[in-house]
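S.K.: What follows is my_file_26.cif, made up of mmCIF, C-alpha atoms; chains and numbers go by the auth columns:
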```cif
data_entry
#
loop_
_atom_site.group_PDB
_atom_site.id
_atom_site.type_symbol
_atom_site.label_atom_id
_atom_site.label_comp_id
_atom_site.label_asym_id
_atom_site.label_seq_id
_atom_site.Cartn_x
_atom_site.Cartn_y
_atom_site.Cartn_z
_atom_site.B_iso_or_equiv
_atom_site.auth_seq_id
_atom_site.auth_asym_id
ATOM 1 C CA MET A 1 25.199 -1.043 5.079 0.00 1 E
ATOM 2 C CA ARG A 2 25.393 -3.608 2.366 0.00 2 E
ATOM 3 C CA GLY A 3 25.785 -2.356 -1.211 0.00 3 E
ATOM 4 C CA GLY A 4 24.796 1.163 -0.210 0.00 4 E
ATOM 5 C CA ILE A 5 21.468 -0.059 1.204 0.00 5 E
ATOM 6 C CA PRO A 6 20.891 0.063 4.962 0.00 6 E
ATOM 7 C CA VAL A 7 20.362 -3.386 6.453 0.00 7 E
ATOM 8 C CA ALA A 8 17.276 -3.661 8.634 0.00 8 E
ATOM 9 C CA HIS A 9 15.957 -6.528 10.680 0.00 9 E
ATOM 10 C CA ALA A 10 12.428 -7.609 9.888 0.00 10 E
ATOM 11 C CA GLU A 11 10.253 -10.599 10.551 0.00 11 E
ATOM 12 C CA VAL A 12 8.731 -10.383 7.078 0.00 12 E
ATOM 13 C CA VAL A 13 10.092 -8.932 3.850 0.00 13 E
ATOM 14 C CA LEU A 14 7.778 -8.440 0.879 0.00 14 E
ATOM 15 C CA PRO A 15 9.976 -7.816 -2.137 0.00 15 E
ATOM 16 C CA SER A 16 8.705 -6.515 -5.455 0.00 16 E
ATOM 17 C CA GLN A 17 10.570 -6.618 -8.715 0.00 17 E
ATOM 18 C CA VAL A 18 10.504 -4.275 -11.678 0.00 18 E
ATOM 19 C CA THR A 19 11.615 -5.512 -15.061 0.00 19 E
ATOM 20 C CA SER A 20 11.482 -2.720 -17.582 0.00 20 E
ATOM 21 C CA PRO A 21 13.648 -1.320 -20.346 0.00 21 E
ATOM 22 C CA SER A 22 12.650 2.157 -19.154 0.00 22 E
ATOM 23 C CA PRO A 23 15.193 4.224 -17.226 0.00 23 E
ATOM 24 C CA TYR A 24 12.389 4.979 -14.745 0.00 24 E
ATOM 25 C CA ASP A 25 11.392 2.312 -12.245 0.00 25 E
ATOM 26 C CA SER A 26 7.691 1.629 -11.879 0.00 26 E
ATOM 27 C CA LEU A 27 5.984 1.601 -8.500 0.00 27 E
ATOM 28 C CA VAL A 28 3.173 -0.638 -9.792 0.00 28 E
ATOM 29 C CA PRO A 29 4.458 -3.898 -8.219 0.00 29 E
ATOM 30 C CA THR A 30 5.092 -2.221 -4.869 0.00 30 E
ATOM 31 C CA VAL A 31 1.703 -0.481 -4.846 0.00 31 E
ATOM 32 C CA ALA A 32 0.026 -3.813 -5.689 0.00 32 E
ATOM 33 C CA VAL A 33 1.686 -5.425 -2.648 0.00 33 E
ATOM 34 C CA ILE A 34 0.594 -2.528 -0.413 0.00 34 E
ATOM 35 C CA GLU A 35 -2.984 -2.656 -1.749 0.00 35 E
ATOM 36 C CA SER A 36 -3.145 -6.407 -1.146 0.00 36 E
ATOM 37 C CA ILE A 37 -1.976 -6.004 2.441 0.00 37 E
ATOM 38 C CA ALA A 38 -4.432 -3.154 3.063 0.00 38 E
ATOM 39 C CA ALA A 39 -7.304 -5.223 1.639 0.00 39 E
ATOM 40 C CA ALA A 40 -6.405 -8.212 3.823 0.00 40 E
ATOM 41 C CA VAL A 41 -6.208 -6.018 6.933 0.00 41 E
ATOM 42 C CA ILE A 42 -9.614 -4.438 6.195 0.00 42 E
ATOM 43 C CA VAL A 43 -11.173 -7.884 5.690 0.00 43 E
ATOM 44 C CA SER A 44 -9.652 -9.221 8.898 0.00 44 E
ATOM 45 C CA LEU A 45 -10.815 -6.195 10.914 0.00 45 E
ATOM 46 C CA GLY A 46 -14.404 -6.602 9.735 0.00 46 E
ATOM 47 C CA GLU A 47 -17.346 -4.295 9.205 0.00 47 E
ATOM 48 C CA ALA A 48 -16.144 -1.492 11.508 0.00 48 E
ATOM 49 C CA ALA A 49 -13.019 -1.109 9.347 0.00 49 E
ATOM 50 C CA HIS A 50 -15.153 -1.063 6.176 0.00 50 E
ATOM 51 C CA GLN A 51 -17.347 1.667 7.637 0.00 51 E
ATOM 52 C CA ARG A 52 -14.356 3.767 8.688 0.00 52 E
ATOM 53 C CA LEU A 53 -12.793 3.430 5.240 0.00 53 E
ATOM 54 C CA ARG A 54 -16.085 4.432 3.567 0.00 54 E
ATOM 55 C CA HIS A 55 -16.330 7.429 5.912 0.00 55 E
ATOM 56 C CA GLY A 56 -12.818 8.564 4.950 0.00 56 E
ATOM 57 C CA GLU A 57 -13.602 8.139 1.255 0.00 57 E
ATOM 58 C CA ASP A 58 -16.817 10.161 1.661 0.00 58 E
ATOM 59 C CA ILE A 59 -14.868 13.006 3.278 0.00 59 E
ATOM 60 C CA ALA A 60 -12.227 12.899 0.535 0.00 60 E
ATOM 61 C CA GLN A 61 -14.959 13.191 -2.101 0.00 61 E
ATOM 62 C CA ARG A 62 -16.688 16.073 -0.297 0.00 62 E
ATOM 63 C CA VAL A 63 -13.503 18.117 -0.112 0.00 63 E
ATOM 64 C CA GLY A 64 -12.555 17.308 -3.717 0.00 64 E
ATOM 65 C CA LEU A 65 -9.570 15.044 -3.145 0.00 65 E
ATOM 66 C CA VAL A 66 -10.991 12.291 -5.365 0.00 66 E
#
```
Would you mind giving the structure from this file in structure tokens?
M.R.:
Amino acid sequence: MRGGIPVAHAEVVLPSQVTSPSPYDSLVPTVAVIESIAAAVIVSLGEAAHQRLRHGEDIAQRVGLV
């Protein structure tokens, strides 16, 4: 552990930074990084991935999750 944070080994680290006077950290930068990665993965996987994502969104709407 370094500074109370467990040290992990990774090939890629995608840091996000929050600068705010608020005592509560925002997850907006981290969520933006995750959304960007998800979008890139969907694009790289092609039409089948788009269809599967649409299918999941349709189900979520039918059961009232969105």
S.K.: One decimal, Å: what's the distance from CA of His55 in chain E over to CA of Pro29 in chain E, could you say?
M.R.: 27.6 Å
S.K.: Using all atoms listed in the file, which of the listed residues (E:Ile42, E:Val28, E:Ile37, E:Leu65) sits closest to Leu14 in chain E?
M.R.: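 Looking only at the distances to Leu14 in chain E, the closest residue turns out to be E:Ile37.
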S.K.: As a PyMOL selection string, please: the residues near Ala38 in chain E (cut-off 12 Å, only C-alpha atoms, same-chain neighbours under 5 positions excluded).
M.R.: chain E and resi 31-33+43-45+49-50+53
S.K.: As an exercise, work out the distance from CA of Ala40 in chain E to CA of Leu27 in chain E in Å and give it to one decimal place.
M.R.: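 Distance between the two atoms: 20.0 Å.
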S.K.: One decimal, Å: what's the distance from CA of Arg62 in chain E over to CA of Val41 in chain E, could you say?
M.R.: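 Pair CA of Arg62 in chain E / CA of Val41 in chain E returns 25.5 Å.
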S.K.: Expand the PyMOL selection byres ((chain E and resi 18) around 9) into the explicit residue set it covers here, and present it as an NGL selection string.
M.R.: :E and (16-17 or 19-20 or 25-30)
S.K.: Supply range 10-32 of chain E as a PDB file, in the frame of the given file, with N, CA and C atoms built in where the input has gaps.
M.R.:
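Result written to rebuild_8.pdb:
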```
ATOM      1  N   ALA E  10      13.880  -7.516   9.991  1.00  0.00           N
ATOM      2  CA  ALA E  10      12.428  -7.609   9.888  1.00  0.00           C
ATOM      3  C   ALA E  10      12.000  -9.056  10.007  1.00  0.00           C
ATOM      4  N   GLU E  11      10.795  -9.254  10.490  1.00  0.00           N
ATOM      5  CA  GLU E  11      10.253 -10.599  10.551  1.00  0.00           C
ATOM      6  C   GLU E  11       9.744 -11.044   9.189  1.00  0.00           C
ATOM      7  N   VAL E  12       9.276 -10.084   8.396  1.00  0.00           N
ATOM      8  CA  VAL E  12       8.731 -10.383   7.078  1.00  0.00           C
ATOM      9  C   VAL E  12       9.262  -9.354   6.087  1.00  0.00           C
ATOM     10  N   VAL E  13       9.664  -9.822   4.930  1.00  0.00           N
ATOM     11  CA  VAL E  13      10.092  -8.932   3.850  1.00  0.00           C
ATOM     12  C   VAL E  13       9.231  -9.260   2.641  1.00  0.00           C
ATOM     13  N   LEU E  14       8.628  -8.254   2.044  1.00  0.00           N
ATOM     14  CA  LEU E  14       7.778  -8.440   0.879  1.00  0.00           C
ATOM     15  C   LEU E  14       8.421  -7.745  -0.319  1.00  0.00           C
ATOM     16  N   PRO E  15       9.274  -8.449  -1.016  1.00  0.00           N
ATOM     17  CA  PRO E  15       9.976  -7.816  -2.137  1.00  0.00           C
ATOM     18  C   PRO E  15       9.063  -7.647  -3.350  1.00  0.00           C
ATOM     19  N   SER E  16       9.374  -6.675  -4.162  1.00  0.00           N
ATOM     20  CA  SER E  16       8.705  -6.515  -5.455  1.00  0.00           C
ATOM     21  C   SER E  16       9.795  -6.259  -6.482  1.00  0.00           C
ATOM     22  N   GLN E  17       9.543  -6.716  -7.684  1.00  0.00           N
ATOM     23  CA  GLN E  17      10.570  -6.618  -8.715  1.00  0.00           C
ATOM     24  C   GLN E  17      10.024  -5.867  -9.909  1.00  0.00           C
ATOM     25  N   VAL E  18      10.861  -5.027 -10.482  1.00  0.00           N
ATOM     26  CA  VAL E  18      10.504  -4.275 -11.678  1.00  0.00           C
ATOM     27  C   VAL E  18      11.435  -4.711 -12.798  1.00  0.00           C
ATOM     28  N   THR E  19      10.836  -5.158 -13.887  1.00  0.00           N
ATOM     29  CA  THR E  19      11.615  -5.512 -15.061  1.00  0.00           C
ATOM     30  C   THR E  19      11.111  -4.640 -16.190  1.00  0.00           C
ATOM     31  N   SER E  20      11.912  -3.666 -16.564  1.00  0.00           N
ATOM     32  CA  SER E  20      11.482  -2.720 -17.582  1.00  0.00           C
ATOM     33  C   SER E  20      12.685  -2.153 -18.305  1.00  0.00           C
ATOM     34  N   PRO E  21      12.556  -1.944 -19.613  1.00  0.00           N
ATOM     35  CA  PRO E  21      13.648  -1.320 -20.346  1.00  0.00           C
ATOM     36  C   PRO E  21      13.726   0.191 -20.092  1.00  0.00           C
ATOM     37  N   SER E  22      12.710   0.723 -19.429  1.00  0.00           N
ATOM     38  CA  SER E  22      12.650   2.157 -19.154  1.00  0.00           C
ATOM     39  C   SER E  22      13.699   2.553 -18.121  1.00  0.00           C
ATOM     40  N   PRO E  23      14.254   3.755 -18.251  1.00  0.00           N
ATOM     41  CA  PRO E  23      15.193   4.224 -17.226  1.00  0.00           C
ATOM     42  C   PRO E  23      14.493   4.602 -15.917  1.00  0.00           C
ATOM     43  N   TYR E  24      13.162   4.613 -15.929  1.00  0.00           N
ATOM     44  CA  TYR E  24      12.389   4.979 -14.745  1.00  0.00           C
ATOM     45  C   TYR E  24      11.737   3.734 -14.162  1.00  0.00           C
ATOM     46  N   ASP E  25      12.014   3.455 -12.911  1.00  0.00           N
ATOM     47  CA  ASP E  25      11.392   2.312 -12.245  1.00  0.00           C
ATOM     48  C   ASP E  25       9.906   2.586 -12.060  1.00  0.00           C
ATOM     49  N   SER E  26       9.127   1.539 -12.107  1.00  0.00           N
ATOM     50  CA  SER E  26       7.691   1.629 -11.879  1.00  0.00           C
ATOM     51  C   SER E  26       7.386   1.252 -10.435  1.00  0.00           C
ATOM     52  N   LEU E  27       6.421   1.932  -9.856  1.00  0.00           N
ATOM     53  CA  LEU E  27       5.984   1.601  -8.500  1.00  0.00           C
ATOM     54  C   LEU E  27       4.802   0.642  -8.508  1.00  0.00           C
ATOM     55  N   VAL E  28       4.354   0.214  -9.695  1.00  0.00           N
ATOM     56  CA  VAL E  28       3.173  -0.638  -9.792  1.00  0.00           C
ATOM     57  C   VAL E  28       3.297  -1.909  -8.958  1.00  0.00           C
ATOM     58  N   PRO E  29       4.384  -2.680  -9.042  1.00  0.00           N
ATOM     59  CA  PRO E  29       4.458  -3.898  -8.219  1.00  0.00           C
ATOM     60  C   PRO E  29       4.405  -3.612  -6.715  1.00  0.00           C
ATOM     61  N   THR E  30       5.078  -2.570  -6.293  1.00  0.00           N
ATOM     62  CA  THR E  30       5.092  -2.221  -4.869  1.00  0.00           C
ATOM     63  C   THR E  30       3.715  -1.766  -4.404  1.00  0.00           C
ATOM     64  N   VAL E  31       3.048  -0.945  -5.201  1.00  0.00           N
ATOM     65  CA  VAL E  31       1.703  -0.481  -4.846  1.00  0.00           C
ATOM     66  C   VAL E  31       0.735  -1.663  -4.799  1.00  0.00           C
ATOM     67  N   ALA E  32       0.888  -2.628  -5.704  1.00  0.00           N
ATOM     68  CA  ALA E  32       0.026  -3.813  -5.689  1.00  0.00           C
ATOM     69  C   ALA E  32       0.202  -4.604  -4.394  1.00  0.00           C
TER      70      ALA E  32
END
```
